[in-house]
$ cat protein_25.csv   # CSV, C-alpha atoms (C1' of nucleotides)
chain,number,residue,atom,x,y,z
A,72,MET,CA,-11.3,8.0,5.5
A,73,LYS,CA,-8.2,6.1,5.9
A,74,TYR,CA,-4.9,7.9,5.5
A,75,SER,CA,-3.2,7.3,2.2
A,76,THR,CA,0.0,5.2,2.7
A,77,LYS,CA,0.5,4.9,-1.1
A,78,LEU,CA,3.7,7.0,-1.1
A,79,SER,CA,5.2,5.0,1.8
A,80,ASP,CA,4.2,1.7,0.3
A,81,THR,CA,5.6,2.7,-3.1
A,82,ILE,CA,8.9,3.8,-1.7
A,83,HIS,CA,9.0,0.6,0.2
A,84,LEU,CA,8.4,-1.3,-3.0
A,85,LEU,CA,11.1,0.5,-4.9
A,86,VAL,CA,13.7,0.1,-2.2
A,87,PHE,CA,12.9,-3.6,-1.9
A,88,LEU,CA,13.3,-3.9,-5.7
A,89,CYS,CA,16.7,-2.2,-5.6
A,90,LEU,CA,17.9,-4.3,-2.7
A,91,ALA,CA,17.0,-7.5,-4.5
A,92,ALA,CA,19.1,-6.5,-7.5
A,93,GLY,CA,19.4,-9.5,-9.8
A,94,GLU,CA,16.8,-11.6,-7.9
A,95,ARG,CA,13.5,-11.3,-9.7
A,96,MET,CA,10.8,-9.9,-7.3
A,97,THR,CA,7.2,-11.0,-7.8
A,98,SER,CA,4.4,-8.9,-6.6
A,99,ALA,CA,3.7,-11.6,-4.1
A,100,ARG,CA,7.1,-11.4,-2.5
A,101,ILE,CA,6.9,-7.6,-2.2
A,102,ALA,CA,3.4,-7.8,-0.8
A,103,GLU,CA,4.6,-10.0,1.9
A,104,SER,CA,7.1,-7.4,3.1
A,105,VAL,CA,4.6,-4.6,2.8
A,106,LYS,CA,2.0,-6.9,4.4
A,107,THR,CA,-0.6,-6.3,1.8
A,108,ASN,CA,-1.9,-8.2,-1.2
A,109,PRO,CA,-0.2,-8.7,-4.6
A,110,ALA,CA,-2.9,-6.9,-6.6
A,111,TYR,CA,-2.3,-3.7,-4.6
A,112,ILE,CA,1.4,-3.9,-5.3
A,113,ARG,CA,0.7,-4.4,-9.0
A,114,GLN,CA,-1.5,-1.3,-8.9
A,115,LEU,CA,1.3,0.8,-7.5
A,116,MET,CA,3.7,-0.7,-10.0
A,117,SER,CA,1.3,0.1,-12.8
A,118,ALA,CA,1.3,3.7,-11.7
A,119,LEU,CA,5.1,3.8,-11.6
A,120,LYS,CA,5.2,2.4,-15.1
A,121,ARG,CA,2.8,5.0,-16.3
A,122,GLY,CA,5.0,7.6,-14.7
A,123,GLY,CA,8.0,6.2,-16.5
A,124,LEU,CA,9.9,5.2,-13.4
A,125,ILE,CA,10.0,1.5,-14.0
A,126,THR,CA,9.7,-1.1,-16.7
A,127,SER,CA,8.0,-4.5,-16.3
A,128,ASP,CA,6.9,-7.3,-18.4
A,129,ARG,CA,3.6,-9.1,-18.5
A,130,GLY,CA,3.9,-12.7,-17.5
A,131,GLN,CA,7.2,-12.6,-15.7
A,132,ALA,CA,8.6,-10.9,-12.6
A,133,ASN,CA,11.1,-8.6,-14.3
A,134,ALA,CA,10.6,-5.0,-12.9
A,135,ALA,CA,13.4,-2.6,-13.0
A,136,LEU,CA,14.1,1.1,-12.6
A,137,THR,CA,14.3,3.1,-15.9
A,138,ARG,CA,17.2,5.1,-14.4
A,139,ASP,CA,19.6,5.2,-11.5
A,140,ALA,CA,18.2,5.5,-8.0
A,141,GLU,CA,19.9,8.9,-7.6
A,142,GLN,CA,18.0,10.2,-10.6
A,143,ILE,CA,14.6,9.4,-9.0
A,144,THR,CA,13.2,11.9,-6.5
A,145,MET,CA,10.5,11.5,-4.0
A,146,LEU,CA,8.5,14.1,-6.0
A,147,ASP,CA,8.8,11.9,-9.1
A,148,ILE,CA,7.3,9.0,-7.1
A,149,TYR,CA,4.6,11.2,-5.5
A,150,ARG,CA,3.6,12.5,-8.9
A,151,ALA,CA,3.4,9.0,-10.4
A,152,ILE,CA,1.1,7.7,-7.7
A,153,GLU,CA,-0.8,10.6,-6.3
A,154,GLY,CA,-0.8,12.9,-9.3
A,155,LYS,CA,-1.8,16.4,-8.4
A,156,LYS,CA,-3.3,15.5,-5.1
A,157,PRO,CA,-2.4,18.3,-2.6
A,158,LEU,CA,-1.3,17.8,1.0
A,159,LEU,CA,-3.9,20.3,2.3
A,160,HIS,CA,-7.5,20.5,1.1
A,161,MET,CA,-9.7,23.4,0.6
A,162,ASP,CA,-13.4,23.3,1.6
A,163,ILE,CA,-15.2,23.5,-1.7
A,164,HIS,CA,-18.6,23.2,-0.1
A,165,THR,CA,-18.8,26.7,1.3
A,166,ASN,CA,-22.0,28.7,0.7
A,167,PRO,CA,-21.9,30.1,-2.8
A,168,GLU,CA,-24.5,32.6,-1.7
A,169,CYS,CA,-21.9,34.0,0.6
A,170,GLY,CA,-19.3,36.0,-1.3
A,171,VAL,CA,-17.1,36.1,1.7
A,172,GLY,CA,-16.9,32.3,1.9
A,173,VAL,CA,-16.0,31.8,-1.7
A,174,ASN,CA,-13.3,34.5,-1.7
A,175,ILE,CA,-11.8,33.3,1.6
A,176,GLN,CA,-11.3,29.8,0.2
A,177,LEU,CA,-9.7,31.3,-2.9
A,178,ALA,CA,-7.3,33.3,-0.7
A,179,ILE,CA,-6.6,30.2,1.4
A,180,GLY,CA,-5.9,28.2,-1.8
A,181,ASP,CA,-3.1,30.6,-2.8
A,182,PHE,CA,-1.3,30.1,0.5
A,183,TYR,CA,-1.8,26.3,0.3
A,184,ARG,CA,0.0,26.5,-3.0
A,185,GLU,CA,3.0,28.1,-1.3
A,186,ILE,CA,3.0,25.4,1.4
A,187,GLN,CA,2.7,22.7,-1.3
A,188,ASP,CA,5.6,24.3,-3.2
A,189,ALA,CA,7.8,24.2,-0.1
A,190,ALA,CA,7.0,20.6,0.5
A,191,GLU,CA,7.5,19.6,-3.1
A,192,LYS,CA,10.9,21.5,-3.2
A,193,LYS,CA,12.0,19.3,-0.3
A,194,MET,CA,10.7,16.2,-2.0
A,195,GLN,CA,12.6,17.0,-5.0
A,196,GLU,CA,15.8,17.1,-3.0
A,197,ILE,CA,15.4,13.6,-1.7
A,198,THR,CA,16.4,10.8,-4.1
A,199,LEU,CA,15.6,7.1,-3.9
A,200,ARG,CA,19.4,6.6,-3.4
A,201,ASP,CA,19.2,8.8,-0.3
A,202,ILE,CA,16.5,6.7,1.1
A,203,ILE,CA,18.4,3.5,0.4
A,204,GLU,CA,21.5,4.9,2.1
A,205,HIS,CA,19.5,5.9,5.1
A,206,TYR,CA,17.9,2.5,5.3
A,207,TYR,CA,21.3,0.9,5.4
A,208,GLU,CA,22.2,3.1,8.3
A,209,LYS,CA,18.9,2.4,10.2
A,210,ALA,CA,19.3,-1.3,9.6
A,211,GLU,CA,22.9,-1.2,10.5
A,212,ILE,CA,23.9,-3.2,7.4
A,213,PRO,CA,27.7,-3.4,7.3
A,214,GLU,CA,29.3,-1.5,4.4
A,215,SER,CA,30.6,-4.7,3.0
A,216,GLN,CA,27.0,-6.0,2.4
A,217,ARG,CA,25.7,-2.8,0.7
A,218,LEU,CA,25.2,-2.4,-3.0
B,94,MET,CA,-11.8,8.6,4.1
B,95,LYS,CA,-12.9,12.1,3.5
B,96,TYR,CA,-10.2,14.8,3.2
B,97,SER,CA,-9.9,17.0,6.3
B,98,THR,CA,-11.1,20.5,5.6
B,99,LYS,CA,-10.7,21.5,9.3
B,100,LEU,CA,-7.9,23.8,8.6
B,101,SER,CA,-9.7,25.5,5.8
B,102,ASP,CA,-12.9,25.8,7.8
B,103,THR,CA,-11.1,27.1,10.9
B,104,ILE,CA,-9.3,29.8,8.9
B,105,HIS,CA,-12.6,30.7,7.3
B,106,LEU,CA,-14.2,31.0,10.7
B,107,LEU,CA,-11.4,33.2,12.0
B,108,VAL,CA,-11.4,35.6,9.0
B,109,PHE,CA,-15.2,35.8,9.3
B,110,LEU,CA,-14.8,36.7,13.0
B,111,CYS,CA,-12.3,39.4,12.2
B,112,LEU,CA,-14.3,40.9,9.4
B,113,ALA,CA,-17.4,41.2,11.7
B,114,ALA,CA,-15.5,43.2,14.2
B,115,GLY,CA,-17.9,44.5,16.7
B,116,GLU,CA,-20.8,42.6,15.5
B,117,ARG,CA,-21.3,39.5,17.6
B,118,MET,CA,-21.0,36.3,15.5
B,119,THR,CA,-23.0,33.3,16.6
B,120,SER,CA,-21.9,29.8,15.6
B,121,ALA,CA,-25.1,29.7,13.6
B,122,ARG,CA,-24.2,32.7,11.5
B,123,ILE,CA,-20.7,31.4,10.8
B,124,ALA,CA,-22.0,27.9,10.0
B,125,GLU,CA,-24.2,29.5,7.3
B,126,SER,CA,-21.1,30.9,5.5
B,127,VAL,CA,-19.1,27.7,5.8
B,128,LYS,CA,-22.2,25.8,4.9
B,129,THR,CA,-22.1,23.4,7.8
B,130,ASN,CA,-23.8,23.1,11.1
B,131,PRO,CA,-23.3,25.2,14.3
B,132,ALA,CA,-22.1,22.3,16.4
B,133,TYR,CA,-19.2,21.7,14.1
B,134,ILE,CA,-18.2,25.3,14.2
B,135,ARG,CA,-18.4,25.2,18.0
B,136,GLN,CA,-16.1,22.2,18.0
B,137,LEU,CA,-13.5,24.1,15.9
B,138,MET,CA,-13.9,27.1,18.2
B,139,SER,CA,-13.4,24.8,21.2
B,140,ALA,CA,-10.1,23.6,19.8
B,141,LEU,CA,-9.0,27.2,19.1
B,142,LYS,CA,-9.9,28.1,22.7
B,143,ARG,CA,-7.9,25.1,24.0
B,144,GLY,CA,-5.0,26.3,21.8
B,145,GLY,CA,-5.2,29.7,23.3
B,146,LEU,CA,-6.1,31.5,20.1
B,147,ILE,CA,-9.5,32.8,21.0
B,148,THR,CA,-11.7,33.5,24.0
B,149,SER,CA,-15.4,33.0,24.2
B,150,ASP,CA,-18.1,33.0,26.8
B,151,ARG,CA,-20.7,30.4,27.4
B,152,GLY,CA,-24.2,31.6,26.9
B,153,GLN,CA,-23.5,34.5,24.6
B,154,ALA,CA,-21.9,35.1,21.2
B,155,ASN,CA,-18.7,36.8,22.2
B,156,ALA,CA,-15.7,35.2,20.6
B,157,ALA,CA,-12.6,37.2,20.1
B,158,LEU,CA,-8.9,36.7,19.2
B,159,THR,CA,-6.5,36.6,22.1
B,160,ARG,CA,-4.0,38.6,20.1
B,161,ASP,CA,-3.7,40.6,16.9
B,162,ALA,CA,-4.2,38.8,13.6
B,163,GLU,CA,-0.6,39.4,12.7
B,164,GLN,CA,0.5,37.4,15.7
B,165,ILE,CA,-1.4,34.3,14.7
B,166,THR,CA,0.2,32.0,12.2
B,167,MET,CA,-1.2,29.3,10.1
B,168,LEU,CA,0.9,26.9,12.1
B,169,ASP,CA,-0.7,28.0,15.3
B,170,ILE,CA,-4.1,27.3,13.8
B,171,TYR,CA,-2.9,23.9,12.4
B,172,ARG,CA,-1.5,22.9,15.8
B,173,ALA,CA,-4.7,23.9,17.6
B,174,ILE,CA,-7.0,21.9,15.4
B,175,GLU,CA,-4.9,19.1,14.0
B,176,GLY,CA,-2.4,18.7,16.7
B,177,LYS,CA,0.6,16.6,15.7
B,178,LYS,CA,-1.1,15.1,12.7
B,179,PRO,CA,1.4,14.9,9.8
B,180,LEU,CA,0.8,15.7,6.2
B,181,LEU,CA,2.3,12.4,5.0
B,182,HIS,CA,1.6,9.1,6.6
B,183,MET,CA,3.8,6.1,7.1
B,184,ASP,CA,2.6,2.6,6.7
B,185,ILE,CA,2.7,1.2,10.2
B,186,HIS,CA,1.2,-2.1,9.1
B,187,THR,CA,4.3,-3.5,7.4
B,188,ASN,CA,5.3,-7.0,8.2
B,189,PRO,CA,7.2,-7.0,11.5
B,190,GLU,CA,8.7,-10.3,10.6
B,191,CYS,CA,10.5,-8.5,7.8
B,192,GLY,CA,13.4,-6.4,9.1
B,193,VAL,CA,13.6,-4.7,5.8
B,194,GLY,CA,10.1,-3.5,5.9
B,195,VAL,CA,10.4,-2.0,9.4
B,196,ASN,CA,13.6,-0.3,8.7
B,197,ILE,CA,12.5,1.2,5.4
B,198,GLN,CA,9.6,2.7,7.1
B,199,LEU,CA,11.8,4.2,9.8
B,200,ALA,CA,14.1,5.6,7.1
B,201,ILE,CA,11.1,7.1,5.3
B,202,GLY,CA,9.9,8.6,8.5
B,203,ASP,CA,13.0,10.7,8.8
B,204,PHE,CA,12.6,12.1,5.4
B,205,TYR,CA,8.9,12.8,6.0
B,206,ARG,CA,10.0,14.8,9.0
B,207,GLU,CA,12.1,17.0,6.8
B,208,ILE,CA,9.2,17.6,4.4
B,209,GLN,CA,6.9,18.3,7.4
B,210,ASP,CA,9.5,20.8,8.7
B,211,ALA,CA,9.6,22.6,5.4
B,212,ALA,CA,5.8,22.8,5.2
B,213,GLU,CA,5.6,24.0,8.8
B,214,LYS,CA,8.2,26.6,8.3
B,215,LYS,CA,6.2,28.1,5.5
B,216,MET,CA,3.0,27.9,7.6
B,217,GLN,CA,4.7,29.8,10.3
B,218,GLU,CA,5.5,32.6,7.9
B,219,ILE,CA,1.8,33.1,7.0
B,220,THR,CA,-0.3,35.1,9.4
B,221,LEU,CA,-4.0,35.5,9.8
B,222,ARG,CA,-3.4,39.1,8.8
B,223,ASP,CA,-1.8,38.0,5.5
B,224,ILE,CA,-4.8,35.9,4.8
B,225,ILE,CA,-7.3,38.7,5.5
B,226,GLU,CA,-5.3,41.1,3.3
B,227,HIS,CA,-5.2,38.6,0.5
B,228,TYR,CA,-8.9,38.0,0.9
B,229,TYR,CA,-9.5,41.7,0.5
B,230,GLU,CA,-7.6,41.6,-2.8
B,231,LYS,CA,-9.5,38.5,-4.0
B,232,ALA,CA,-12.8,40.0,-3.2
B,233,GLU,CA,-11.8,43.4,-4.5
B,234,ILE,CA,-13.0,45.2,-1.4
B,235,PRO,CA,-12.1,48.9,-1.8
B,236,GLU,CA,-9.5,50.1,0.6
B,237,SER,CA,-12.0,52.4,2.2
B,238,GLN,CA,-14.1,49.5,3.3
B,239,ARG,CA,-11.2,47.5,4.9
B,240,LEU,CA,-10.5,47.2,8.5
C,133,DC,C1',-0.4,-27.9,-22.0
C,134,DA,C1',0.3,-26.5,-17.2
C,135,DC,C1',1.7,-23.2,-14.2
C,136,DC,C1',2.7,-19.0,-12.7
C,137,DA,C1',3.4,-14.3,-13.5
C,138,DT,C1',1.5,-9.5,-14.7
C,139,DG,C1',-2.3,-6.1,-15.8
C,140,DT,C1',-6.6,-4.3,-14.7
C,141,DA,C1',-11.3,-3.7,-13.5
C,142,DA,C1',-14.9,-4.3,-10.2
C,143,DT,C1',-16.5,-4.9,-5.6
C,144,DT,C1',-16.2,-5.0,-0.6
C,145,DT,C1',-14.3,-3.5,3.8
C,146,DT,C1',-12.1,-0.1,6.7
C,147,DA,C1',-11.3,4.1,8.8
C,148,DA,C1',-11.1,9.3,9.3
C,149,DT,C1',-14.1,13.0,8.8
C,150,DA,C1',-18.2,15.9,8.7
C,151,DA,C1',-22.9,16.0,9.8
C,152,DT,C1',-26.2,15.6,13.1
C,153,DA,C1',-28.7,15.0,17.4
C,154,DA,C1',-29.2,15.7,22.2
C,155,DC,C1',-28.7,18.1,26.2
C,156,DA,C1',-26.5,20.5,30.2
C,157,DT,C1',-25.4,25.1,31.3
C,158,DC,C1',-25.0,30.0,31.0
C,159,DT,C1',-26.6,35.0,29.8
C,160,DA,C1',-29.6,38.6,28.9
C,161,DT,C1',-33.8,40.4,29.1
C,162,DA,C1',-38.9,40.9,29.2
D,184,DT,C1',-37.9,35.0,37.9
D,185,DA,C1',-39.1,32.8,33.7
D,186,DT,C1',-37.9,32.3,29.0
D,187,DA,C1',-35.4,32.5,24.8
D,188,DG,C1',-31.3,31.8,22.8
D,189,DA,C1',-26.5,31.1,23.1
D,190,DT,C1',-22.3,28.1,24.1
D,191,DG,C1',-19.9,23.6,25.4
D,192,DT,C1',-19.7,18.9,25.0
D,193,DT,C1',-20.6,14.1,24.1
D,194,DA,C1',-22.5,10.5,21.4
D,195,DT,C1',-24.2,8.7,17.1
D,196,DT,C1',-24.7,8.4,12.1
D,197,DA,C1',-23.5,9.3,7.4
D,198,DT,C1',-20.1,10.2,4.0
D,199,DT,C1',-16.2,9.3,1.4
D,200,DA,C1',-11.4,8.1,0.1
D,201,DA,C1',-8.4,4.4,0.7
D,202,DA,C1',-6.9,-0.4,1.1
D,203,DA,C1',-8.2,-5.1,0.7
D,204,DT,C1',-10.0,-8.4,-2.0
D,205,DT,C1',-11.9,-10.9,-6.0
D,206,DA,C1',-11.9,-12.1,-10.6
D,207,DC,C1',-10.1,-12.9,-14.8
D,208,DA,C1',-7.8,-11.9,-19.3
D,209,DT,C1',-3.3,-12.3,-21.0
D,210,DG,C1',1.5,-13.4,-21.5
D,211,DG,C1',5.9,-16.2,-20.6
D,212,DT,C1',8.4,-20.6,-19.5
D,213,DG,C1',9.4,-25.2,-18.8
$ encode --input "protein_25.csv" --output "structure tokens"
Amino acid sequence: MKYSTKLSDTIHLLVFLCLAAGERMTSARIAESVKTNPAYIRQLMSALKRGGLITSDRGQANAALTRDAEQITMLDIYRAIEGKKPLLHMDIHTNPECGVGVNIQLAIGDFYREIQDAAEKKMQEITLRDIIEHYYEKAEIPESQRL
Amino acid sequence: MKYSTKLSDTIHLLVFLCLAAGERMTSARIAESVKTNPAYIRQLMSALKRGGLITSDRGQANAALTRDAEQITMLDIYRAIEGKKPLLHMDIHTNPECGVGVNIQLAIGDFYREIQDAAEKKMQEITLRDIIEHYYEKAEIPESQRL
DNA sequence: CACCATGTAATTTTAATAATAACATCTATA
DNA sequence: TATAGATGTTATTATTAAAATTACATGGTG
């Protein structure tokens, strides 16, 4: 399949929203930057809304964070849009006739869990504010123009 | 796309190989346990060979680890079969006209790198021996029957 | 009312992976 | 030496998760 870029696109969306503070961002405007279509952006925003990270109103462009950017972690975003989807995937099609196969996959699953936990711990340490700050540096936006 | 189960299948393959110490495992036998086809197994083994983790001879079933199971980490296996493929994927299709889009993705990339490092550090701590031991526990193989 | 926005479901297209097929080459053995 | 069976490798097809797209109901604003 394609690789999922949902997390990247959602972070992009959120940063864009923050940078345009005041200015009302439509899904069409955001889609232009992400180079995708408005419906996809709205789907991501819908997931963010379900996850309690943003509010938005039907009929008008009025999305906003429900809390400060430093209170939103990358893990919060990941959970909102990818749910419980893991980074590594077990093979659940092994031969059930083969006891070895089944138990090896179960054993692998426990180690995958550890790796997932390590990754999620790091995700939890990264806030939307951190990403915005780092974006400012990358883009070399002068301090005076930052929010 | 489909989710990649290459890592899971390759670990499966290696454990299977270790458990059958002595007995010569053909790609057909292994494929039966993983419930796939022999050519796929040979492809995985080919990658392991390129990565220097196993040896094998053309014409006869004779695969073997190049070093002890405790000297092979999950990261070694991941590198051999997935190369530099990351766990999280950036969106490289953002609008190049939009400086914001490009720089946000660059900023995201740096944080993804941190997450990748955390996951790889954990992978490096897990050896093939650990997985085999844990399999023995899962399968409740009596100590007397373990290798 | 007219226009433009969101919200959402359904469908189509794209792309990474596993599955499969085909075959050259090597080994062991009868 | 001939044959059976194994690996090594490439090419093709099928599968499947994701993004793209379409469609439209619904709500807000001038």
$ atom_distance --input "protein_25.csv" --atom1 "CA of Asn188 in chain B" --atom2 "C1' of DT138 in chain C"
23.3 Å
$ residues_around --input "protein_25.csv" --residues "range 189-201 of chain B" --least-positions-apart "5" --cutoff "8 Å" --atoms "all atoms listed in the file" --output "PyMOL selection string"
(chain A and resi 79+83+86-87+104-105+202+205-206+209-210) or (chain B and resi 183-184)
$ interface_residues --input "protein_25.csv" --of "chain D" --to "chain A" --cutoff "6 Å" --atoms "all atoms listed in the file" --output "list in words"
DA200, DA201, DG210 and DG211 of chain D
$ write_last_selection --input "protein_25.csv" --atoms "C-alpha atoms (C1' of nucleotides)" --output "PDB file, in the coordinates of the input"
ATOM      1  C1'  DA D 200     -11.400   8.100   0.100  1.00  0.00           C
ATOM      2  C1'  DA D 201      -8.400   4.400   0.700  1.00  0.00           C
ATOM      3  C1'  DG D 210       1.500 -13.400 -21.500  1.00  0.00           C
ATOM      4  C1'  DG D 211       5.900 -16.200 -20.600  1.00  0.00           C
TER       5       DG D 211
END
$ closest_residue --input "protein_25.csv" --among "A:Gln187, A:Ser117, A:Thr198, A:Thr81" --to "chain B" --atoms "all atoms listed in the file"
A:Gln187
$ closest_residue --input "protein_25.csv" --among "A:Leu199, A:Ile212, A:Ile186, A:Leu115" --to "chain B" --atoms "only C-alpha atoms"
A:Ile186
$ closest_atom_pairs --input "protein_25.csv" --of "chain D" --to "range 145-160 of chain C" --cutoff "8 Å" --atoms "only C-alpha atoms (C1' of nucleotides)" --output "tab-separated table"
residue	atom	partner	partner_atom	distance
D:DA189	C1'	C:DT159	C1'	7.8
D:DT190	C1'	C:DC158	C1'	7.6
D:DT195	C1'	C:DA153	C1'	7.7
D:DT196	C1'	C:DT152	C1'	7.4
D:DA197	C1'	C:DA151	C1'	7.1
D:DT198	C1'	C:DA150	C1'	7.6
D:DA202	C1'	C:DT146	C1'	7.6
D:DA203	C1'	C:DT145	C1'	7.0
$ residues_near_point --input "protein_25.csv" --point "(-15.3, 33.3, 12.8)" --cutoff "12 Å" --atoms "only C-alpha atoms (C1' of nucleotides)" --output "JSON, numbers by chain"
{"A": [171, 172, 175], "B": [101, 102, 103, 104, 105, 106, 107, 108, 109, 110, 111, 112, 113, 114, 116, 117, 118, 119, 120, 121, 122, 123, 124, 125, 126, 127, 131, 134, 135, 137, 138, 141, 146, 147, 148, 149, 154, 155, 156, 157, 158, 221]}
$ residues_near_point --input "protein_25.csv" --point "(2.3, 17.7, -7.3)" --cutoff "9 Å" --atoms "all atoms listed in the file" --output "PyMOL selection string"
chain A and resi 146-147+149-150+153-157+187-188+191
$ atom_distance --input "protein_25.csv" --atom1 "CA of Glu196 in chain A" --atom2 "CA of His182 in chain B"
18.9 Å
$ atom_distance --input "protein_25.csv" --atom1 "CA of Gly145 in chain B" --atom2 "CA of Ala173 in chain B"
8.1 Å
